[in-house]
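> What follows is a single structure, and I will ask about it in a moment.
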Amino acid sequence: MSNPTTPFGWQMPTATDLVTDLPADFEVFGQAVATSMADLLGGPSGYILAKNSATDMDFVWIANDQGDITGVTATSPLTGGGTSGAITIGIQDATTSVKGSVQLSDSTSTTSSVLASTPTATKSAYDLADAAIAKSTVTTAGDIIYRNATVPVRLGIGTAGQVLKVNSGATAPEWGTSGASGMTLVTRSSFSNVASVTYDSVFSGTYTAYMLVIENFFAATAADDILMELRYGSTTETGTTYRYVSTQTASSSSTVTGLNSGSSAVNFMLADQSGNSAEPSRGHFIIPFAGHAGTFVINGQISDVEASRYFNFNGTNYTSRTYTGFVLKSAASNISGTVAIYGLAE
């Protein structure tokens, strides 16, 4: 037994052994073959034979999952991959900047940026939008939306001085003149160091009476008269048909002094003192039926704090016109102040 095979090294009987010890030699040879082939014994069903190492005749049975693939390369959004062994493949979660797997959501209120809307959520959002009031319903600044018998509709903005009312059928809102007691601000403005201030289109047929509020008024010369001239359209009434009377008292005297225009004045003298910036004149006047055709009537009170003098005034212009405004000024110097005009509701 000294004749090894190549490449396995099994011991083969020699020529002499064939005569002297053949059975024993074949037993040694058979055992060597059996030992070498032990790894080739049958494996589990479906398994295949694979090399276990670089050693000769070193085999192992493995699951038949090798196929012809030699490697898997995963690119985004896939993860994992490899070139040997059991290869695992996954998928990354999606974000707003990375593609990947996304979870579905029925929510219509979530603020998540990684959830995907389902048809259920889309339908809910559609129903909400379908029930909403269309932005195109309103077209102009100040528009109001109200519901008619069936749908929301637009009520356009009213005009200056109007109030929101219910129509005669009590079915919808509408703009109109005030039908209740109270005052509506027509205009309010301030002026500073001007020769005169004009108020056009402040009287109309909208109201049956107006209140003129002189919040403060003073002239560059405190002793100047406070004068008022009427306007109709764009024309100033400068005729001689103004008439007025007033009484004047001072805090330092019990004497009441009367002032009057005589038979032909060219304006109203509301007071014979204007006051100064520290102690301006202040007062209010009622003007009935201004803005209606007819004569003009005005009465009220004004106080000159600077001179501690107080005036009760009554005046008229007996030229019949539709007077729509007025001019304020002093007798000879520039004026400053703030004036408001209110319409008195019927």
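Going through the structure tokens in order, the chains are called A, B, and so on, while each chain numbers its residues from 1 and the ligands are numbered from 1 in the order shown.
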DSSP on the backbone, then: every residue of stretch 129-281 of chain A marked strand (DSSP E), written as a ChimeraX atom specification.
/A:144-147,152-155,163-166,173-176,183-194,196-199,209-219,226-232,235-236,242-250,256-260,268-271,281
> For the selection just defined, write its residues with C-alpha atoms to a file, as a short mmCIF file (atom, residue, chain, number, x, y, z; two decimals), in the first residue's frame.

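Result file out_4.cif:
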```cif
data_model
loop_
_atom_site.label_atom_id
_atom_site.label_comp_id
_atom_site.auth_asym_id
_atom_site.auth_seq_id
_atom_site.Cartn_x
_atom_site.Cartn_y
_atom_site.Cartn_z
CA ILE A 144 -71.31 92.33 2.62
CA ILE A 145 -72.41 88.70 2.16
CA TYR A 146 -75.87 87.57 3.24
CA ARG A 147 -78.04 84.54 2.43
CA PRO A 152 -75.11 83.41 -0.15
CA VAL A 153 -75.22 86.62 -2.21
CA ARG A 154 -73.47 90.00 -2.26
CA LEU A 155 -74.75 93.31 -0.95
CA VAL A 163 -77.24 102.75 7.40
CA LEU A 164 -77.92 99.01 7.05
CA LYS A 165 -81.65 98.23 7.21
CA VAL A 166 -84.04 95.34 6.50
CA PRO A 173 -80.73 93.66 4.26
CA GLU A 174 -80.40 96.89 2.29
CA TRP A 175 -78.72 100.27 2.56
CA GLY A 176 -80.87 103.32 3.30
CA MET A 183 -77.06 111.43 14.46
CA THR A 184 -74.93 110.39 11.53
CA LEU A 185 -71.53 111.95 10.96
CA VAL A 186 -71.52 113.59 7.53
CA THR A 187 -67.99 114.98 7.64
CA ARG A 188 -65.30 116.03 10.07
CA SER A 189 -62.08 117.85 9.22
CA SER A 190 -59.30 119.94 10.70
CA PHE A 191 -57.62 122.97 9.16
CA SER A 192 -54.60 125.03 10.11
CA ASN A 193 -53.64 128.65 9.34
CA VAL A 194 -55.87 129.05 6.28
CA SER A 196 -61.04 130.15 5.00
CA VAL A 197 -62.42 126.62 4.98
CA THR A 198 -65.21 125.49 2.61
CA TYR A 199 -67.69 122.65 3.21
CA ALA A 209 -81.89 118.85 10.16
CA TYR A 210 -78.14 119.10 10.71
CA MET A 211 -75.90 119.88 13.66
CA LEU A 212 -72.76 121.94 13.12
CA VAL A 213 -70.22 121.28 15.89
CA ILE A 214 -67.29 123.67 16.14
CA GLU A 215 -64.92 121.52 18.18
CA ASN A 216 -62.36 124.32 18.27
CA PHE A 217 -61.79 127.49 16.26
CA PHE A 218 -59.30 130.34 16.57
CA ALA A 219 -57.85 133.07 14.43
CA ILE A 226 -66.15 134.41 13.37
CA LEU A 227 -67.98 134.63 10.01
CA MET A 228 -70.11 132.15 8.06
CA GLU A 229 -71.22 132.41 4.41
CA LEU A 230 -73.62 129.99 2.72
CA ARG A 231 -73.01 127.90 -0.42
CA TYR A 232 -75.42 126.58 -3.04
CA THR A 235 -71.46 129.28 -5.55
CA THR A 236 -71.00 131.29 -2.39
CA TYR A 242 -78.37 137.61 5.84
CA ARG A 243 -80.12 138.53 9.07
CA TYR A 244 -79.06 137.60 12.60
CA VAL A 245 -79.37 138.56 16.24
CA SER A 246 -77.34 137.32 19.19
CA THR A 247 -76.93 138.01 22.85
CA GLN A 248 -73.54 138.20 24.50
CA THR A 249 -72.59 137.85 28.14
CA ALA A 250 -69.22 137.90 29.89
CA VAL A 256 -76.30 141.12 28.50
CA THR A 257 -75.37 142.79 25.23
CA GLY A 258 -77.36 142.37 22.05
CA LEU A 259 -75.82 142.13 18.58
CA ASN A 260 -77.76 142.34 15.33
CA PHE A 268 -73.47 135.61 9.57
CA MET A 269 -71.29 136.81 12.46
CA LEU A 270 -71.44 133.84 14.81
CA ALA A 271 -69.32 135.64 17.46
CA SER A 281 -63.89 129.12 20.60
#
```
> Taking 6 positions as the minimum chain separation for residues in the same chain, which residues sit within 10 Å of A:Ile287 when counting only C-alpha atoms? Answer as an NGL selection string.
:A and (203 or 208-212 or 296-300 or 315-316 or 343-344)
> Which is closest to A:Gln31 among A:Ala63, A:Met12, A:Ile48, A:Leu115, if we use only C-alpha atoms?
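Closest candidate: A:Met12.
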> May I have the residues within 12 Å of A:Val28 as a ChimeraX atom specification, using only C-alpha atoms and disregarding those fewer than 3 positions away in the same chain?
/A:1-2,4,10-13,21-25,31-35
> Would you give me, as number ranges by chain, the residues in stretch 17-97 of chain A that DSSP reads as helix (DSSP H, G or I)?
A: 17-20, 22-36, 38-40
> Rounded to one decimal, what separation in Å do you get between atom CA of A:Ala129 and atom CA of A:Thr108?
11.6 Å
> Identify which of the residues A:Thr73, A:Ser36, A:Thr319, A:Thr295 lies closest to A:Asp58, counting only C-alpha atoms when measuring atom-to-atom distances.
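When distances to A:Asp58 are compared using only C-alpha atoms, the smallest one comes from A:Ser36.
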> Using Å and a single decimal, report how far atom CA of A:Asp200 sits from atom CA of A:Ser234.
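The value is 7.4 Å.
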> Taking only C-alpha atoms into account, name the residue in A:Glu279, A:Asp272, A:Asp304, A:Glu237 that is nearest to A:Asn317.
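Using only C-alpha atoms, the shortest distance to A:Asn317 belongs to A:Glu237.
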> Return the single residue from A:Gly9, A:Gly291, A:Gly42, A:Gly325 that is closest to A:Phe29, with distances computed using only C-alpha atoms.
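Checking each of A:Gly9, A:Gly291, A:Gly42, A:Gly325 against A:Phe29, counting only C-alpha atoms, the winner is A:Gly9.
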> Counting only C-alpha atoms, which of A:Thr238, A:Ser308, A:Ser201, A:Thr88 gets nearest to A:Ser252?
A:Ser308
> Rank nothing, just name the residue among A:Gly85, A:Leu78, A:Pro119, A:Tyr342 nearest to A:Gly100, using only C-alpha atoms.
A:Leu78
